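*Asks:* Below is a structure I'd like to ask you about.
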Amino acid sequence: MTVIATGTVQPTTRVEISSELSGTLATVDAEYNQTIAAGEVLARLDDTKLKAQVLNSGAQLTASRARLDSARATVTETADALDSAEALDRRGLNTRSVIIAARAAHDRAVAAVGIANADVTLAEANLASARADLDKAVIRSPIDGIVLDRAAEKGQIVAASLNAPVLFTLAEDLRRMELRVSVDEADIGRVQPGQEATFTVDA
């Protein structure tokens, strides 16, 4: 007895592409039904602000490194001043208050180096984050495949959110397809592993 059912033929691997960033699509480089390679550009967001953020973060990193160099120089200076004050104190030519002040100045300089180091680390992290966002402005294909659907248009505003719109739908390999069929409950008992199956499509 033959069991007849309807279903759908679909790719075994199907990937929906959205944007991780909000912005305006500056270019759309992939077309419907186009064959693409992994890493190939699908679309680009306007990256004017992102490039400015990278430049700003780079400048902040440069300034932070300069402040670190200055703080290190101050440590060297206060260390020399402390050594001189202690040498004079051993000869009885300095007061205790001068030694205390020199040691406090040196301790503050050492602490300033720690703060400057932390500022450099933060500036490096901000620059890395800005560069990562700039890279994300270019939407690339994660797989080799074909464009099944394109909902992206140049000038379209994209809002990154939990429900970000799908810009592209990709299929990995249309030579390997999956047939999904809903078998009626009354017929399911007649379906066994290894049985021969045939199918037709409207196209």
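Ordering of the structure tokens sets the chain letters (A, B, ...), residue numbers begin anew at 1 in every chain, and ligands are numbered from 1 in the order given.
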Tell me, as a PyMOL selection string, which residues lie within 9 Å of region 6-13 of chain A, counting only C-alpha atoms; anything in the same chain fewer than 4 positions away does not count.

*Replies:* chain A and resi 170-183+201

*Asks:* Store the residues of this selection in a file with N, CA and C atoms, as a PDB file, in the first residue's frame.

*Replies:*
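New file out-v9.pdb:
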ATOM      1  N   LEU A 170      20.891  32.288   3.220  1.00  0.00           N
ATOM      2  CA  LEU A 170      21.856  31.550   2.411  1.00  0.00           C
ATOM      3  C   LEU A 170      21.628  30.048   2.552  1.00  0.00           C
ATOM      4  N   ALA A 171      21.904  29.321   1.495  1.00  0.00           N
ATOM      5  CA  ALA A 171      21.891  27.854   1.529  1.00  0.00           C
ATOM      6  C   ALA A 171      23.291  27.377   1.204  1.00  0.00           C
ATOM      7  N   GLU A 172      23.741  26.357   1.935  1.00  0.00           N
ATOM      8  CA  GLU A 172      25.117  25.907   1.760  1.00  0.00           C
ATOM      9  C   GLU A 172      25.323  25.155   0.448  1.00  0.00           C
ATOM     10  N   ASP A 173      24.461  24.211   0.146  1.00  0.00           N
ATOM     11  CA  ASP A 173      24.663  23.389  -1.051  1.00  0.00           C
ATOM     12  C   ASP A 173      23.306  22.886  -1.537  1.00  0.00           C
ATOM     13  N   LEU A 174      22.844  23.375  -2.687  1.00  0.00           N
ATOM     14  CA  LEU A 174      21.535  22.978  -3.204  1.00  0.00           C
ATOM     15  C   LEU A 174      21.580  21.615  -3.897  1.00  0.00           C
ATOM     16  N   ARG A 175      22.786  21.013  -3.998  1.00  0.00           N
ATOM     17  CA  ARG A 175      22.859  19.658  -4.545  1.00  0.00           C
ATOM     18  C   ARG A 175      22.449  18.630  -3.500  1.00  0.00           C
ATOM     19  N   ARG A 176      22.478  19.031  -2.240  1.00  0.00           N
ATOM     20  CA  ARG A 176      22.047  18.147  -1.146  1.00  0.00           C
ATOM     21  C   ARG A 176      20.857  18.810  -0.470  1.00  0.00           C
ATOM     22  N   MET A 177      19.678  18.243  -0.676  1.00  0.00           N
ATOM     23  CA  MET A 177      18.452  18.829  -0.145  1.00  0.00           C
ATOM     24  C   MET A 177      17.809  17.881   0.866  1.00  0.00           C
ATOM     25  N   GLU A 178      16.923  18.440   1.664  1.00  0.00           N
ATOM     26  CA  GLU A 178      16.214  17.659   2.679  1.00  0.00           C
ATOM     27  C   GLU A 178      14.716  17.734   2.389  1.00  0.00           C
ATOM     28  N   LEU A 179      14.083  16.568   2.415  1.00  0.00           N
ATOM     29  CA  LEU A 179      12.643  16.498   2.175  1.00  0.00           C
ATOM     30  C   LEU A 179      11.935  16.310   3.505  1.00  0.00           C
ATOM     31  N   ARG A 180      11.086  17.264   3.859  1.00  0.00           N
ATOM     32  CA  ARG A 180      10.323  17.172   5.107  1.00  0.00           C
ATOM     33  C   ARG A 180       8.845  16.956   4.769  1.00  0.00           C
ATOM     34  N   VAL A 181       8.331  15.821   5.240  1.00  0.00           N
ATOM     35  CA  VAL A 181       6.968  15.426   4.897  1.00  0.00           C
ATOM     36  C   VAL A 181       6.174  15.167   6.170  1.00  0.00           C
ATOM     37  N   SER A 182       4.943  15.633   6.196  1.00  0.00           N
ATOM     38  CA  SER A 182       4.041  15.371   7.325  1.00  0.00           C
ATOM     39  C   SER A 182       3.157  14.176   6.965  1.00  0.00           C
ATOM     40  N   VAL A 183       3.453  13.035   7.580  1.00  0.00           N
ATOM     41  CA  VAL A 183       2.672  11.819   7.313  1.00  0.00           C
ATOM     42  C   VAL A 183       1.454  11.798   8.223  1.00  0.00           C
ATOM     43  N   VAL A 201       7.719  17.511  -7.532  1.00  0.00           N
ATOM     44  CA  VAL A 201       7.562  18.907  -7.144  1.00  0.00           C
ATOM     45  C   VAL A 201       6.776  19.649  -8.221  1.00  0.00           C
TER      46      VAL A 201
END

*Asks:* If we count only C-alpha atoms, what is near region 100-111 of chain A at a cut-off of 10 Å, once residues fewer than 4 positions away on the same chain are taken out, given as a VMD selection string?

*Replies:* chain A and resid 70 to 86 95 to 96 115 to 117

*Asks:* Please save N, CA and C atoms of the selected residues as a PDB file, in the first residue's frame.

*Replies:*
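Final output, selection.pdb:
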ATOM      1  N   SER A  70      55.252  59.746  31.235  1.00  0.00           N
ATOM      2  CA  SER A  70      55.456  60.865  32.158  1.00  0.00           C
ATOM      3  C   SER A  70      55.462  60.387  33.607  1.00  0.00           C
ATOM      4  N   ALA A  71      54.541  59.467  33.930  1.00  0.00           N
ATOM      5  CA  ALA A  71      54.473  58.942  35.290  1.00  0.00           C
ATOM      6  C   ALA A  71      55.737  58.163  35.641  1.00  0.00           C
ATOM      7  N   ARG A  72      56.259  57.404  34.690  1.00  0.00           N
ATOM      8  CA  ARG A  72      57.496  56.660  34.938  1.00  0.00           C
ATOM      9  C   ARG A  72      58.679  57.603  35.155  1.00  0.00           C
ATOM     10  N   ALA A  73      58.703  58.689  34.381  1.00  0.00           N
ATOM     11  CA  ALA A  73      59.768  59.677  34.563  1.00  0.00           C
ATOM     12  C   ALA A  73      59.684  60.321  35.944  1.00  0.00           C
ATOM     13  N   THR A  74      58.463  60.547  36.409  1.00  0.00           N
ATOM     14  CA  THR A  74      58.276  61.126  37.740  1.00  0.00           C
ATOM     15  C   THR A  74      58.745  60.163  38.823  1.00  0.00           C
ATOM     16  N   VAL A  75      58.527  58.866  38.623  1.00  0.00           N
ATOM     17  CA  VAL A  75      59.014  57.863  39.578  1.00  0.00           C
ATOM     18  C   VAL A  75      60.538  57.940  39.680  1.00  0.00           C
ATOM     19  N   THR A  76      61.186  58.008  38.527  1.00  0.00           N
ATOM     20  CA  THR A  76      62.653  58.100  38.524  1.00  0.00           C
ATOM     21  C   THR A  76      63.120  59.366  39.250  1.00  0.00           C
ATOM     22  N   GLU A  77      62.443  60.466  38.961  1.00  0.00           N
ATOM     23  CA  GLU A  77      62.809  61.754  39.577  1.00  0.00           C
ATOM     24  C   GLU A  77      62.617  61.720  41.093  1.00  0.00           C
ATOM     25  N   THR A  78      61.474  61.210  41.547  1.00  0.00           N
ATOM     26  CA  THR A  78      61.203  61.190  42.990  1.00  0.00           C
ATOM     27  C   THR A  78      62.092  60.168  43.708  1.00  0.00           C
ATOM     28  N   ALA A  79      62.474  59.086  42.995  1.00  0.00           N
ATOM     29  CA  ALA A  79      63.380  58.109  43.592  1.00  0.00           C
ATOM     30  C   ALA A  79      64.750  58.742  43.833  1.00  0.00           C
ATOM     31  N   ASP A  80      65.221  59.513  42.849  1.00  0.00           N
ATOM     32  CA  ASP A  80      66.511  60.210  43.022  1.00  0.00           C
ATOM     33  C   ASP A  80      66.430  61.231  44.159  1.00  0.00           C
ATOM     34  N   ALA A  81      65.296  61.942  44.226  1.00  0.00           N
ATOM     35  CA  ALA A  81      65.132  62.949  45.291  1.00  0.00           C
ATOM     36  C   ALA A  81      65.097  62.277  46.662  1.00  0.00           C
ATOM     37  N   LEU A  82      64.441  61.112  46.742  1.00  0.00           N
ATOM     38  CA  LEU A  82      64.369  60.388  48.004  1.00  0.00           C
ATOM     39  C   LEU A  82      65.762  59.890  48.415  1.00  0.00           C
ATOM     40  N   ASP A  83      66.539  59.372  47.457  1.00  0.00           N
ATOM     41  CA  ASP A  83      67.892  58.904  47.753  1.00  0.00           C
ATOM     42  C   ASP A  83      68.758  60.050  48.271  1.00  0.00           C
ATOM     43  N   SER A  84      68.628  61.214  47.626  1.00  0.00           N
ATOM     44  CA  SER A  84      69.415  62.374  48.069  1.00  0.00           C
ATOM     45  C   SER A  84      69.014  62.807  49.465  1.00  0.00           C
ATOM     46  N   ALA A  85      67.706  62.838  49.733  1.00  0.00           N
ATOM     47  CA  ALA A  85      67.218  63.254  51.047  1.00  0.00           C
ATOM     48  C   ALA A  85      67.699  62.299  52.128  1.00  0.00           C
ATOM     49  N   GLU A  86      67.678  60.982  51.824  1.00  0.00           N
ATOM     50  CA  GLU A  86      68.129  59.987  52.808  1.00  0.00           C
ATOM     51  C   GLU A  86      69.637  60.083  53.040  1.00  0.00           C
ATOM     52  N   THR A  95      65.990  67.242  57.798  1.00  0.00           N
ATOM     53  CA  THR A  95      65.001  67.030  58.857  1.00  0.00           C
ATOM     54  C   THR A  95      64.141  65.816  58.507  1.00  0.00           C
ATOM     55  N   ARG A  96      63.517  65.257  59.527  1.00  0.00           N
ATOM     56  CA  ARG A  96      62.651  64.085  59.327  1.00  0.00           C
ATOM     57  C   ARG A  96      61.479  64.398  58.403  1.00  0.00           C
ATOM     58  N   ILE A 115      48.049  53.743  37.925  1.00  0.00           N
ATOM     59  CA  ILE A 115      46.839  54.319  37.322  1.00  0.00           C
ATOM     60  C   ILE A 115      47.023  54.499  35.821  1.00  0.00           C
ATOM     61  N   ALA A 116      48.213  54.985  35.428  1.00  0.00           N
ATOM     62  CA  ALA A 116      48.488  55.210  34.004  1.00  0.00           C
ATOM     63  C   ALA A 116      48.494  53.888  33.239  1.00  0.00           C
ATOM     64  N   ASN A 117      49.027  52.831  33.866  1.00  0.00           N
ATOM     65  CA  ASN A 117      48.997  51.502  33.229  1.00  0.00           C
ATOM     66  C   ASN A 117      47.564  51.033  32.997  1.00  0.00           C
TER      67      ASN A 117
END

*Asks:* Between A:Thr2, A:Thr121, A:Gln53, A:Gln156, which residue has the minimum interatomic distance to Ala26 (chain A), considering only C-alpha atoms?

*Replies:*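 The closest residue to Ala26 (chain A) is A:Gln156.
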
*Asks:* Find the residues around Lys136 (chain A) up to 12 Å (only C-alpha atoms counted), leave out those fewer than 5 positions away in its own chain, and share them as a ChimeraX atom specification.

*Replies:* /A:18-23,41-47,50-51,129-131,141,160

*Asks:* Please, which residues of region 26-184 of chain A, numbered as in this document, come out strand (DSSP E) from DSSP, as a ChimeraX atom specification?

*Replies:* /A:26-28,35-36,41-45,138-140,145-150,157-158,168-171,177-182

*Asks:* Find the residues near Arg190 (chain A): any atom within 12 Å, counting only C-alpha atoms, skip ones fewer than 5 places away on the same chain, and give them as a count of residues only.

*Replies:* 8

*Asks:* Ranking A:Asp89, A:Glu40, A:Glu31, A:Glu124 by minimum distance to Ser57 (chain A) and counting only C-alpha atoms, which one comes first?

*Replies:*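 The answer is A:Glu124, which sits nearest to Ser57 (chain A).
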
*Asks:* From a backbone DSSP assignment, name each residue in region 59-187 of chain A labelled alpha helix (DSSP H), as a PyMOL selection string.

*Replies:* chain A and resi 59-90+96-136

*Asks:* Which distance in Å separates CA of Ile17 (chain A) and CA of Thr169 (chain A), to one decimal?

*Replies:*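 Pair CA of Ile17 (chain A) / CA of Thr169 (chain A) returns 6.1 Å.
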
*Asks:* State, in Å with one decimal place, the distance from CA of Gly114 (chain A) to CA of Arg67 (chain A).

*Replies:*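 Distance between the two atoms: 11.1 Å.
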
*Asks:* CA of Phe168 (chain A) to CA of Ala132 (chain A): how many Å, to one decimal?

*Replies:* 21.4 Å
